[in-house]
>>> print(open('my_file.tsv').read())   # TSV, C-alpha atoms
chain	number	residue	atom	x	y	z
F	1	MET	CA	-24.12	27.66	39.46
F	2	ASP	CA	-25.98	25.37	37.01
F	3	ALA	CA	-25.24	21.65	36.50
F	4	ASP	CA	-22.91	22.22	33.52
F	5	GLU	CA	-20.89	24.83	35.40
F	6	ALA	CA	-20.67	22.57	38.44
F	7	LYS	CA	-19.41	19.71	36.31
F	8	ARG	CA	-16.74	21.90	34.71
F	9	ALA	CA	-15.65	23.19	38.14
F	10	HIS	CA	-15.50	19.75	39.76
F	11	PRO	CA	-11.90	19.15	40.93
F	12	HIS	CA	-11.50	15.48	39.94
F	13	GLY	CA	-12.14	12.97	37.17
F	14	THR	CA	-15.31	11.00	36.43
F	15	ARG	CA	-13.93	7.79	37.98
F	16	GLU	CA	-13.50	9.25	41.46
F	17	LEU	CA	-15.73	10.23	44.36
F	18	CYS	CA	-14.91	13.31	46.42
F	19	ALA	CA	-15.62	13.70	50.14
F	20	PRO	CA	-18.77	15.86	49.58
F	21	ALA	CA	-20.14	13.19	47.24
F	22	VAL	CA	-19.57	10.40	49.77
F	23	SER	CA	-21.26	12.48	52.48
F	24	LEU	CA	-24.26	13.22	50.25
F	25	TYR	CA	-24.55	9.56	49.22
F	26	LYS	CA	-24.65	8.46	52.88
F	27	GLN	CA	-27.27	11.12	53.54
F	28	ALA	CA	-29.33	9.92	50.57
F	29	LEU	CA	-29.16	6.31	51.79
F	30	ARG	CA	-30.39	7.33	55.23
F	31	ALA	CA	-33.21	9.54	53.94
F	32	GLY	CA	-34.14	7.48	50.89
F	33	ARG	CA	-33.78	10.47	48.58
F	34	ILE	CA	-31.91	13.76	48.11
F	35	ALA	CA	-32.78	17.07	46.48
F	36	ARG	CA	-31.41	17.48	42.97
F	37	SER	CA	-30.14	20.95	43.89
F	38	ASP	CA	-27.86	19.42	46.55
F	39	LEU	CA	-25.79	17.75	43.83
F	40	ALA	CA	-24.40	21.05	42.51
F	41	ALA	CA	-21.24	20.45	44.58
F	42	ALA	CA	-21.01	16.73	43.79
F	43	PRO	CA	-22.06	15.91	40.21
F	44	CYS	CA	-19.90	12.76	40.38
F	45	LEU	CA	-22.81	10.99	42.12
F	46	LEU	CA	-24.78	11.27	38.89
F	47	GLU	CA	-21.77	10.45	36.70
F	48	LEU	CA	-21.21	7.21	38.63
F	49	ALA	CA	-24.95	6.32	38.55
F	50	LEU	CA	-25.21	6.28	42.36
F	51	VAL	CA	-28.44	8.28	42.23
F	52	HIS	CA	-31.28	8.32	39.72
F	53	PRO	CA	-34.32	10.59	39.21
F	54	ASP	CA	-37.30	10.09	41.49
F	55	PRO	CA	-40.12	8.96	39.15
F	56	ASP	CA	-42.66	10.82	41.31
F	57	ASP	CA	-40.86	14.17	41.66
F	58	SER	CA	-38.20	15.49	39.26
F	59	ALA	CA	-36.79	17.77	41.97
F	60	TRP	CA	-35.54	14.76	43.91
F	61	LEU	CA	-33.12	11.90	43.33
F	62	ARG	CA	-33.10	8.43	44.87
F	63	PRO	CA	-29.93	6.52	45.85
F	64	VAL	CA	-28.92	3.36	43.98
F	65	PRO	CA	-26.99	0.51	45.70
F	66	ALA	CA	-23.32	0.64	44.76
F	67	SER	CA	-23.49	-2.92	43.36
F	68	ALA	CA	-26.36	-1.95	41.03
F	69	ALA	CA	-24.50	1.17	39.89
F	70	LEU	CA	-21.41	-0.91	39.15
F	71	ALA	CA	-23.43	-3.42	37.09
F	72	TYR	CA	-25.06	-0.54	35.17
F	73	LEU	CA	-21.71	1.11	34.35
F	74	LEU	CA	-20.11	-2.18	33.32
F	75	GLN	CA	-22.92	-3.12	30.90
F	76	PRO	CA	-21.46	-1.41	27.79
F	77	ILE	CA	-17.97	-2.68	28.66
F	78	ALA	CA	-19.22	-6.25	28.99
F	79	ARG	CA	-21.07	-6.05	25.68
F	80	GLU	CA	-17.96	-4.81	23.92
F	81	ILE	CA	-15.92	-7.61	25.48
F	82	ASP	CA	-18.52	-10.16	24.39
F	83	GLU	CA	-18.27	-8.87	20.81
F	84	ARG	CA	-14.48	-9.09	20.96
F	85	ILE	CA	-14.64	-12.68	22.26
F	86	GLN	CA	-16.85	-13.63	19.33
F	87	LEU	CA	-14.50	-11.87	16.91
F	88	THR	CA	-11.49	-13.59	18.47
F	89	THR	CA	-13.14	-17.01	18.16
F	90	ALA	CA	-14.15	-16.36	14.55
F	91	LEU	CA	-10.67	-15.19	13.55
F	92	ALA	CA	-9.00	-18.07	15.37
F	93	GLY	CA	-11.30	-20.53	13.62
F	94	THR	CA	-10.46	-19.01	10.25
F	95	LEU	CA	-6.69	-18.96	10.79
F	96	ALA	CA	-6.33	-22.18	12.78
F	97	PRO	CA	-5.72	-24.39	9.71
F	98	LEU	CA	-2.66	-22.25	8.94
F	99	ALA	CA	-1.13	-22.65	12.39
F	100	THR	CA	0.80	-25.81	11.57
F	101	ILE	CA	2.15	-24.17	8.39
F	102	THR	CA	3.34	-20.88	9.90
F	103	ASN	CA	4.47	-22.04	13.34
F	104	ASP	CA	6.71	-24.98	14.20
F	105	ASP	CA	6.40	-24.48	17.98
F	106	PRO	CA	3.57	-26.69	19.32
F	107	ASN	CA	3.25	-24.51	22.43
F	108	LEU	CA	2.00	-21.62	20.29
F	109	ALA	CA	-0.53	-23.61	18.26
F	110	ILE	CA	-4.25	-23.08	17.93
F	111	THR	CA	-5.75	-26.51	17.37
F	112	VAL	CA	-9.26	-27.27	16.09
F	113	LEU	CA	-10.88	-30.13	18.01
F	114	GLU	CA	-13.75	-31.75	16.10
F	115	GLY	CA	-16.12	-34.24	17.70
F	116	ARG	CA	-17.31	-34.58	21.30
F	117	PRO	CA	-15.05	-37.56	22.17
F	118	LEU	CA	-11.92	-35.58	21.25
F	119	ILE	CA	-13.10	-32.49	23.15
F	120	ILE	CA	-14.04	-34.53	26.23
F	121	SER	CA	-10.67	-36.30	26.20
F	122	ALA	CA	-8.77	-32.99	25.93
F	123	LEU	CA	-10.71	-31.46	28.84
F	124	GLU	CA	-10.21	-34.55	31.01
F	125	GLU	CA	-6.46	-34.44	30.38
F	126	ALA	CA	-6.23	-30.70	31.06
F	127	SER	CA	-8.24	-31.09	34.28
F	128	ALA	CA	-5.94	-33.85	35.51
F	129	ARG	CA	-2.89	-31.65	34.87
F	130	ALA	CA	-4.29	-28.45	36.45
F	131	THR	CA	-2.50	-27.36	39.62
F	132	GLU	CA	-3.51	-23.71	40.18
F	133	GLU	CA	-6.84	-22.51	38.82
F	134	VAL	CA	-9.58	-23.47	36.36
F	135	LEU	CA	-11.81	-20.67	35.01
F	136	THR	CA	-15.02	-21.59	33.20
F	137	ALA	CA	-17.82	-19.65	31.51
F	138	GLN	CA	-20.93	-21.58	30.54
F	139	PRO	CA	-23.95	-20.32	28.56
F	140	GLY	CA	-27.53	-21.37	29.20
F	141	GLY	CA	-29.69	-21.96	32.21
F	142	ASN	CA	-29.94	-25.74	32.63
F	143	ARG	CA	-27.10	-28.14	31.90
F	144	LEU	CA	-27.79	-31.66	30.64
F	145	GLU	CA	-27.16	-34.63	32.92
F	146	HIS	CA	-24.14	-35.95	31.00
F	147	HIS	CA	-22.56	-32.46	31.12
F	148	ILE	CA	-22.88	-32.45	34.91
F	149	ARG	CA	-21.31	-35.92	35.24
F	150	GLN	CA	-18.35	-34.82	33.15
F	151	ALA	CA	-18.05	-31.55	35.11
F	152	ILE	CA	-18.02	-33.39	38.45
F	153	GLY	CA	-15.30	-35.75	37.26
F	154	ASN	CA	-13.16	-32.98	35.76
F	155	GLY	CA	-13.69	-30.68	38.74
F	156	ARG	CA	-12.68	-33.33	41.24
F	157	ALA	CA	-9.59	-34.16	39.20
F	158	ALA	CA	-8.51	-30.51	39.11
F	159	ILE	CA	-9.12	-30.05	42.84
F	160	ALA	CA	-7.16	-33.22	43.59
F	161	GLY	CA	-4.23	-31.65	41.74
F	162	GLY	CA	-4.40	-28.52	43.92
F	163	ALA	CA	-6.41	-26.24	41.63
F	164	ARG	CA	-9.22	-23.88	42.60
F	165	LEU	CA	-12.35	-23.58	40.43
F	166	ARG	CA	-14.28	-20.50	39.33
F	167	HIS	CA	-17.50	-20.97	37.35
F	168	LEU	CA	-19.44	-18.23	35.56
F	169	TYR	CA	-23.04	-18.92	34.46
F	170	GLN	CA	-26.02	-16.87	33.28
F	171	HIS	CA	-28.64	-15.88	35.88
F	172	PRO	CA	-31.16	-18.60	34.84
F	173	ALA	CA	-28.66	-21.23	36.06
F	174	ARG	CA	-29.63	-20.22	39.61
F	175	TYR	CA	-32.81	-22.28	39.14
F	176	SER	CA	-31.12	-25.32	37.59
F	177	PRO	CA	-31.44	-28.56	39.60
F	178	ARG	CA	-28.42	-29.90	37.72
F	179	LEU	CA	-26.26	-27.04	38.94
F	180	ARG	CA	-27.44	-27.58	42.53
F	181	GLU	CA	-26.59	-31.27	42.13
F	182	TYR	CA	-23.12	-30.37	40.90
F	183	LEU	CA	-22.48	-27.95	43.77
F	184	SER	CA	-23.65	-30.48	46.34
F	185	GLN	CA	-20.93	-32.92	45.21
F	186	MET	CA	-18.03	-30.46	45.10
F	187	PRO	CA	-15.94	-29.13	48.02
F	188	GLY	CA	-17.15	-25.58	48.62
F	189	ASP	CA	-13.81	-24.26	49.87
F	190	ARG	CA	-12.21	-24.88	46.45
F	191	LEU	CA	-15.08	-23.62	44.29
F	192	GLU	CA	-16.65	-20.23	43.62
F	193	VAL	CA	-19.68	-19.61	41.39
F	194	ARG	CA	-21.08	-16.35	40.04
F	195	THR	CA	-23.86	-15.51	37.57
F	196	ILE	CA	-24.20	-12.80	34.96
F	197	GLU	CA	-27.05	-11.52	32.79
F	198	GLN	CA	-25.57	-11.52	29.31
F	199	ARG	CA	-24.85	-14.65	27.29
F	200	VAL	CA	-21.26	-15.87	27.24
F	201	ASP	CA	-19.90	-18.52	24.90
F	202	ARG	CA	-18.35	-21.59	26.51
F	203	LEU	CA	-14.78	-20.89	27.64
F	204	ILE	CA	-12.46	-22.89	29.93
F	205	ILE	CA	-8.98	-21.73	30.96
F	206	PHE	CA	-6.52	-24.01	32.76
F	207	ASP	CA	-3.73	-22.50	34.86
F	208	ARG	CA	-3.78	-19.46	32.52
F	209	THR	CA	-1.70	-21.45	30.01
F	210	VAL	CA	-4.26	-23.21	27.80
F	211	ALA	CA	-7.83	-22.24	26.89
F	212	TYR	CA	-10.67	-24.13	25.26
F	213	ALA	CA	-13.33	-22.09	23.43
F	214	GLN	CA	-16.46	-23.39	21.77
F	215	VAL	CA	-16.80	-22.52	18.08
F	216	ALA	CA	-20.44	-21.40	18.39
F	217	PRO	CA	-22.99	-22.48	17.34
F	218	HIS	CA	-21.30	-25.89	16.86
F	219	GLU	CA	-21.20	-27.77	20.19
F	220	ASP	CA	-18.95	-30.46	18.70
F	221	VAL	CA	-16.18	-28.07	17.56
F	222	ALA	CA	-13.75	-26.32	19.93
F	223	LEU	CA	-10.46	-24.48	19.79
F	224	GLU	CA	-7.50	-25.47	21.95
F	225	ILE	CA	-5.52	-22.24	22.39
F	226	ARG	CA	-1.96	-22.28	23.70
F	227	HIS	CA	-0.64	-18.97	22.35
F	228	PRO	CA	0.43	-17.09	25.55
F	229	ALA	CA	-0.72	-13.66	24.34
F	230	LEU	CA	-4.16	-14.92	23.34
F	231	VAL	CA	-4.59	-16.91	26.55
F	232	ARG	CA	-3.65	-13.80	28.57
F	233	TYR	CA	-6.22	-11.76	26.62
F	234	LEU	CA	-8.99	-14.32	27.21
F	235	THR	CA	-8.07	-14.44	30.92
F	236	ARG	CA	-8.36	-10.64	31.19
F	237	VAL	CA	-11.74	-10.78	29.46
F	238	TYR	CA	-12.86	-13.43	31.93
F	239	GLU	CA	-11.74	-11.33	34.90
F	240	VAL	CA	-13.78	-8.33	33.69
F	241	LEU	CA	-16.90	-10.49	33.33
F	242	TRP	CA	-16.21	-12.05	36.74
F	243	ALA	CA	-15.92	-8.63	38.39
F	244	GLN	CA	-19.40	-7.60	37.27
F	245	ALA	CA	-21.03	-10.96	38.05
F	246	THR	CA	-22.98	-11.69	41.24
F	247	PRO	CA	-21.92	-14.47	43.66
F	248	TYR	CA	-24.32	-17.41	43.51
F	249	THR	CA	-24.99	-17.23	47.25
F	250	ARG	CA	-25.88	-13.52	47.14
F	251	GLN	CA	-29.12	-11.89	46.03
F	252	LEU	CA	-28.94	-9.99	42.76
F	253	PRO	CA	-28.78	-6.15	42.94
F	254	SER	CA	-31.99	-4.41	43.93
F	255	ALA	CA	-34.21	-2.92	41.26
F	256	ALA	CA	-35.68	0.56	41.20
F	257	PRO	CA	-38.38	1.07	43.87
F	258	GLY	CA	-41.67	-0.63	43.03
F	259	THR	CA	-40.29	-2.87	40.24
F	260	ARG	CA	-40.03	-6.26	41.94
F	261	VAL	CA	-39.20	-8.71	39.19
F	262	THR	CA	-36.88	-11.69	39.00
F	263	ALA	CA	-33.48	-11.53	37.33
F	264	VAL	CA	-34.71	-13.56	34.37
F	265	GLN	CA	-37.74	-11.31	33.91
F	266	GLN	CA	-35.53	-8.21	34.09
F	267	SER	CA	-33.26	-9.66	31.40
F	268	ILE	CA	-36.25	-10.57	29.23
F	269	ALA	CA	-37.64	-7.05	29.62
F	270	ARG	CA	-34.35	-5.53	28.48
F	271	LEU	CA	-34.16	-7.77	25.42
F	272	LEU	CA	-37.80	-7.14	24.48
F	273	VAL	CA	-37.23	-3.38	24.64
F	274	GLU	CA	-34.20	-3.88	22.39
F	275	GLY	CA	-36.55	-5.44	19.81
F	276	LEU	CA	-35.78	-9.17	20.12
F	277	VAL	CA	-38.58	-11.70	19.53
F	278	ASP	CA	-39.41	-14.64	21.82
F	279	ASP	CA	-37.10	-17.27	20.33
F	280	GLU	CA	-34.20	-14.78	20.16
F	281	VAL	CA	-34.71	-13.84	23.82
F	282	ALA	CA	-34.83	-17.51	24.84
F	283	ARG	CA	-31.64	-18.29	22.91
F	284	GLU	CA	-29.82	-15.28	24.40
F	285	LEU	CA	-30.69	-16.32	27.96
F	286	GLY	CA	-30.31	-20.07	27.46
F	287	ILE	CA	-33.90	-20.94	28.43
F	288	SER	CA	-36.71	-22.65	26.54
F	289	VAL	CA	-39.14	-20.63	24.42
F	290	ARG	CA	-42.00	-21.96	26.56
F	291	THR	CA	-40.36	-20.71	29.76
F	292	CYS	CA	-39.58	-17.40	28.09
F	293	ARG	CA	-43.22	-16.89	27.09
F	294	SER	CA	-44.34	-17.76	30.61
F	295	HIS	CA	-42.12	-14.97	31.99
F	296	ILE	CA	-43.39	-12.55	29.31
F	297	SER	CA	-46.97	-13.34	30.38
F	298	LYS	CA	-46.06	-12.51	33.99
F	299	LEU	CA	-44.44	-9.24	32.87
F	300	MET	CA	-47.60	-8.30	30.95
F	301	GLN	CA	-49.67	-8.92	34.09
F	302	ARG	CA	-47.24	-6.93	36.23
F	303	VAL	CA	-47.38	-3.81	34.04
F	304	ASP	CA	-51.05	-4.32	33.03
F	305	ALA	CA	-50.23	-4.59	29.32
F	306	HIS	CA	-53.02	-5.98	27.12
F	307	SER	CA	-50.89	-6.51	24.02
F	308	ARG	CA	-47.27	-7.04	23.06
F	309	THR	CA	-47.38	-3.59	21.45
F	310	GLN	CA	-48.20	-2.03	24.83
F	311	LEU	CA	-45.67	-4.15	26.70
F	312	GLY	CA	-42.47	-2.41	25.57
F	313	ALA	CA	-43.72	1.08	26.42
F	314	ARG	CA	-45.04	0.00	29.81
F	315	LEU	CA	-41.85	-1.83	30.71
F	316	VAL	CA	-39.97	1.45	30.17
F	317	ARG	CA	-42.60	3.54	31.97
F	318	SER	CA	-42.60	1.20	34.99
F	319	GLY	CA	-38.82	1.44	35.35
F	320	ILE	CA	-38.27	-2.29	34.74
F	321	ALA	CA	-36.22	-1.47	31.62
F	322	GLU	CA	-34.67	1.74	30.36
F	323	PRO	CA	-35.48	3.11	26.86
F	324	ASP	CA	-32.17	1.71	25.54
F	325	GLY	CA	-32.90	-1.67	27.10
F	326	THR	CA	-30.49	-1.27	30.03
F	327	PRO	CA	-31.95	-2.66	33.27
F	328	PRO	CA	-31.72	-0.42	36.37
F	329	GLY	CA	-31.10	-3.50	38.56
F	330	VAL	CA	-32.89	-6.62	39.75
F	331	THR	CA	-34.14	-8.30	42.87
F	332	GLU	CA	-35.05	-11.92	43.45
F	333	PRO	CA	-35.14	-14.60	46.15
F	334	PRO	CA	-31.91	-16.39	47.03
F	335	PRO	CA	-30.99	-19.41	44.87
F	336	ASP	CA	-32.20	-21.98	47.41
F	337	ILE	CA	-35.81	-20.78	46.93
F	338	PRO	CA	-36.73	-21.67	43.31
F	339	PRO	CA	-39.45	-19.33	41.96
F	340	GLY	CA	-40.94	-21.98	39.72
F	341	GLY	CA	-39.08	-21.20	36.50
F	342	GLU	CA	-35.74	-21.68	34.81
>>> encode(input="my_file.tsv", output="structure tokens")
Amino acid sequence: MDADEAKRAHPHGTRELCAPAVSLYKQALRAGRIARSDLAAAPCLLELALVHPDPDDSAWLRPVPASAALAYLLQPIAREIDERIQLTTALAGTLAPLATITNDDPNLAITVLEGRPLIISALEEASARATEEVLTAQPGGNRLEHHIRQAIGNGRAAIAGGARLRHLYQHPARYSPRLREYLSQMPGDRLEVRTIEQRVDRLIIFDRTVAYAQVAPHEDVALEIRHPALVRYLTRVYEVLWAQATPYTRQLPSAAPGTRVTAVQQSIARLLVEGLVDDEVARELGISVRTCRSHISKLMQRVDAHSRTQLGARLVRSGIAEPDGTPPGVTEPPPDIPPGGE
């Protein structure tokens, strides 16, 4: 029976694992690899990205950690969600001026907040009123000092009211001294932090009843959203991003064998293979162009590339990035051991 026939004969859907597949996966983890021919009875291992081809021998497959497989499968979903968030923000910004004309109920309004003082005041008030949960998503890798002071004050106010906090950052935030300062001053039992590779626009949701979204790229313009359906949608989007993010206290998923690079370098490799230039990569990851170029230099040394033209091909050949730019996974030291970069 060939692979296509086996797939057609498989007795369950592509989102399930059968008992033979689980047994083969355990065997692969113990042995470090498994023969491709053994997967005839369990093609779902390939469909769920739990094994990948051995780069040294096409007749064999190597197991992938379940966390890395999950991140790989969620990549296209997260990108689609990110696009929908941007579309939602753009549409809300366009239609917001009409809200007071078409809707007399203030609880269903979408309000445009212009100017940092007004935004800061609204967030302080919402934090003081929070009683259940505050969800935040923050772009970039290193927050400014005044942002941290405001975050500490707002976070403490929300916790004092009984709320729990969940913060979502990009991976470069793991190396931010400002974030470590913030975490050191907050009660750990009421706060959970995770990091994610892709850029997310600033979003804060209080008690799942009101959301504040930045109107990118303007840092001094935000939307206050109270429409229940839209707040529910933004909360569901947040939960999907949260599910694929990595807890701050846990190492990021392991990369393919032999490709030891940091999370930031893995992200940079993916974006370079996608065709982005240095300043675009830096903006996407929320790091400085200088730091970005330093990581690119280290990647060139790692794959022995002598030009930027060579770099893309060698990143793919080494397994650090896939041809479509999708990373196979990453590995890096825990966040309390800074590697010397953002």
>>> residues_around(input="my_file.tsv", residues="region 228-240 of chain F", least_positions_apart="4", cutoff="10 Å", atoms="all atoms listed in the file", output="number ranges by chain")
F: 74, 77-78, 81-82, 84-85, 88, 92, 107-110, 135-137, 168, 200, 203-213, 244-245
>>> atom_distance(input="my_file.tsv", atom1="CA of Ala321 (chain F)", atom2="CA of Ala41 (chain F)")
29.5 Å
>>> residues_around(input="my_file.tsv", residues="Gly275 (chain F)", least_positions_apart="2", cutoff="12 Å", atoms="only C-alpha atoms", output="ChimeraX atom specification")
/F:268-273,277-281,308-309,311-313,323-325
>>> atom_distance(input="my_file.tsv", atom1="CA of Glu124 (chain F)", atom2="CA of Gly155 (chain F)")
9.3 Å
>>> closest_residue(input="my_file.tsv", among="F:Leu73, F:Cys44, F:Val264, F:Ala122", to="Ala21 (chain F)", atoms="all atoms listed in the file")
F:Cys44
>>> residues_around(input="my_file.tsv", residues="His295 (chain F)", least_positions_apart="3", cutoff="10 Å", atoms="only C-alpha atoms", output="ChimeraX atom specification")
/F:261-262,264-266,268-269,289-292,298-301,341-342
>>> write_last_selection(input="my_file.tsv", atoms="C-alpha atoms", output="mmCIF file, keeping the file's coordinate frame")
data_model
loop_
_atom_site.group_PDB
_atom_site.id
_atom_site.type_symbol
_atom_site.label_atom_id
_atom_site.label_comp_id
_atom_site.auth_asym_id
_atom_site.auth_seq_id
_atom_site.Cartn_x
_atom_site.Cartn_y
_atom_site.Cartn_z
ATOM 1 C CA VAL F 261 -39.200 -8.710 39.190
ATOM 2 C CA THR F 262 -36.880 -11.690 39.000
ATOM 3 C CA VAL F 264 -34.710 -13.560 34.370
ATOM 4 C CA GLN F 265 -37.740 -11.310 33.910
ATOM 5 C CA GLN F 266 -35.530 -8.210 34.090
ATOM 6 C CA ILE F 268 -36.250 -10.570 29.230
ATOM 7 C CA ALA F 269 -37.640 -7.050 29.620
ATOM 8 C CA VAL F 289 -39.140 -20.630 24.420
ATOM 9 C CA ARG F 290 -42.000 -21.960 26.560
ATOM 10 C CA THR F 291 -40.360 -20.710 29.760
ATOM 11 C CA CYS F 292 -39.580 -17.400 28.090
ATOM 12 C CA LYS F 298 -46.060 -12.510 33.990
ATOM 13 C CA LEU F 299 -44.440 -9.240 32.870
ATOM 14 C CA MET F 300 -47.600 -8.300 30.950
ATOM 15 C CA GLN F 301 -49.670 -8.920 34.090
ATOM 16 C CA GLY F 341 -39.080 -21.200 36.500
ATOM 17 C CA GLU F 342 -35.740 -21.680 34.810
#
>>> atom_distance(input="my_file.tsv", atom1="CA of Gln170 (chain F)", atom2="CA of Thr195 (chain F)")
5.0 Å
>>> closest_residue(input="my_file.tsv", among="F:His52, F:Asp57, F:Gly153, F:Arg62", to="Arg30 (chain F)", atoms="all atoms listed in the file")
F:Arg62
>>> closest_residue(input="my_file.tsv", among="F:Glu192, F:Ala282, F:Ala263, F:Asp201", to="Leu87 (chain F)", atoms="all atoms listed in the file")
F:Asp201
>>> residues_around(input="my_file.tsv", residues="Asn154 (chain F)", least_positions_apart="2", cutoff="9 Å", atoms="all atoms listed in the file", output="PDB file with C-alpha atoms, in the coordinates of the input")
ATOM      1  CA  LEU F 123     -10.710 -31.460  28.840  1.00  0.00           C
ATOM      2  CA  GLU F 124     -10.210 -34.550  31.010  1.00  0.00           C
ATOM      3  CA  GLU F 125      -6.460 -34.440  30.380  1.00  0.00           C
ATOM      4  CA  ALA F 126      -6.230 -30.700  31.060  1.00  0.00           C
ATOM      5  CA  SER F 127      -8.240 -31.090  34.280  1.00  0.00           C
ATOM      6  CA  ALA F 128      -5.940 -33.850  35.510  1.00  0.00           C
ATOM      7  CA  ARG F 149     -21.310 -35.920  35.240  1.00  0.00           C
ATOM      8  CA  GLN F 150     -18.350 -34.820  33.150  1.00  0.00           C
ATOM      9  CA  ALA F 151     -18.050 -31.550  35.110  1.00  0.00           C
ATOM     10  CA  ILE F 152     -18.020 -33.390  38.450  1.00  0.00           C
ATOM     11  CA  ARG F 156     -12.680 -33.330  41.240  1.00  0.00           C
ATOM     12  CA  ALA F 157      -9.590 -34.160  39.200  1.00  0.00           C
ATOM     13  CA  ALA F 158      -8.510 -30.510  39.110  1.00  0.00           C
ATOM     14  CA  ILE F 159      -9.120 -30.050  42.840  1.00  0.00           C
TER      15      ILE F 159
END
>>> closest_residue(input="my_file.tsv", among="F:Ala222, F:Ala49, F:Val303, F:Val134", to="Arg190 (chain F)", atoms="all atoms listed in the file")
F:Val134
>>> closest_residue(input="my_file.tsv", among="F:Ala305, F:Ile120, F:Ile296, F:Ala163", to="His147 (chain F)", atoms="only C-alpha atoms")
F:Ile120
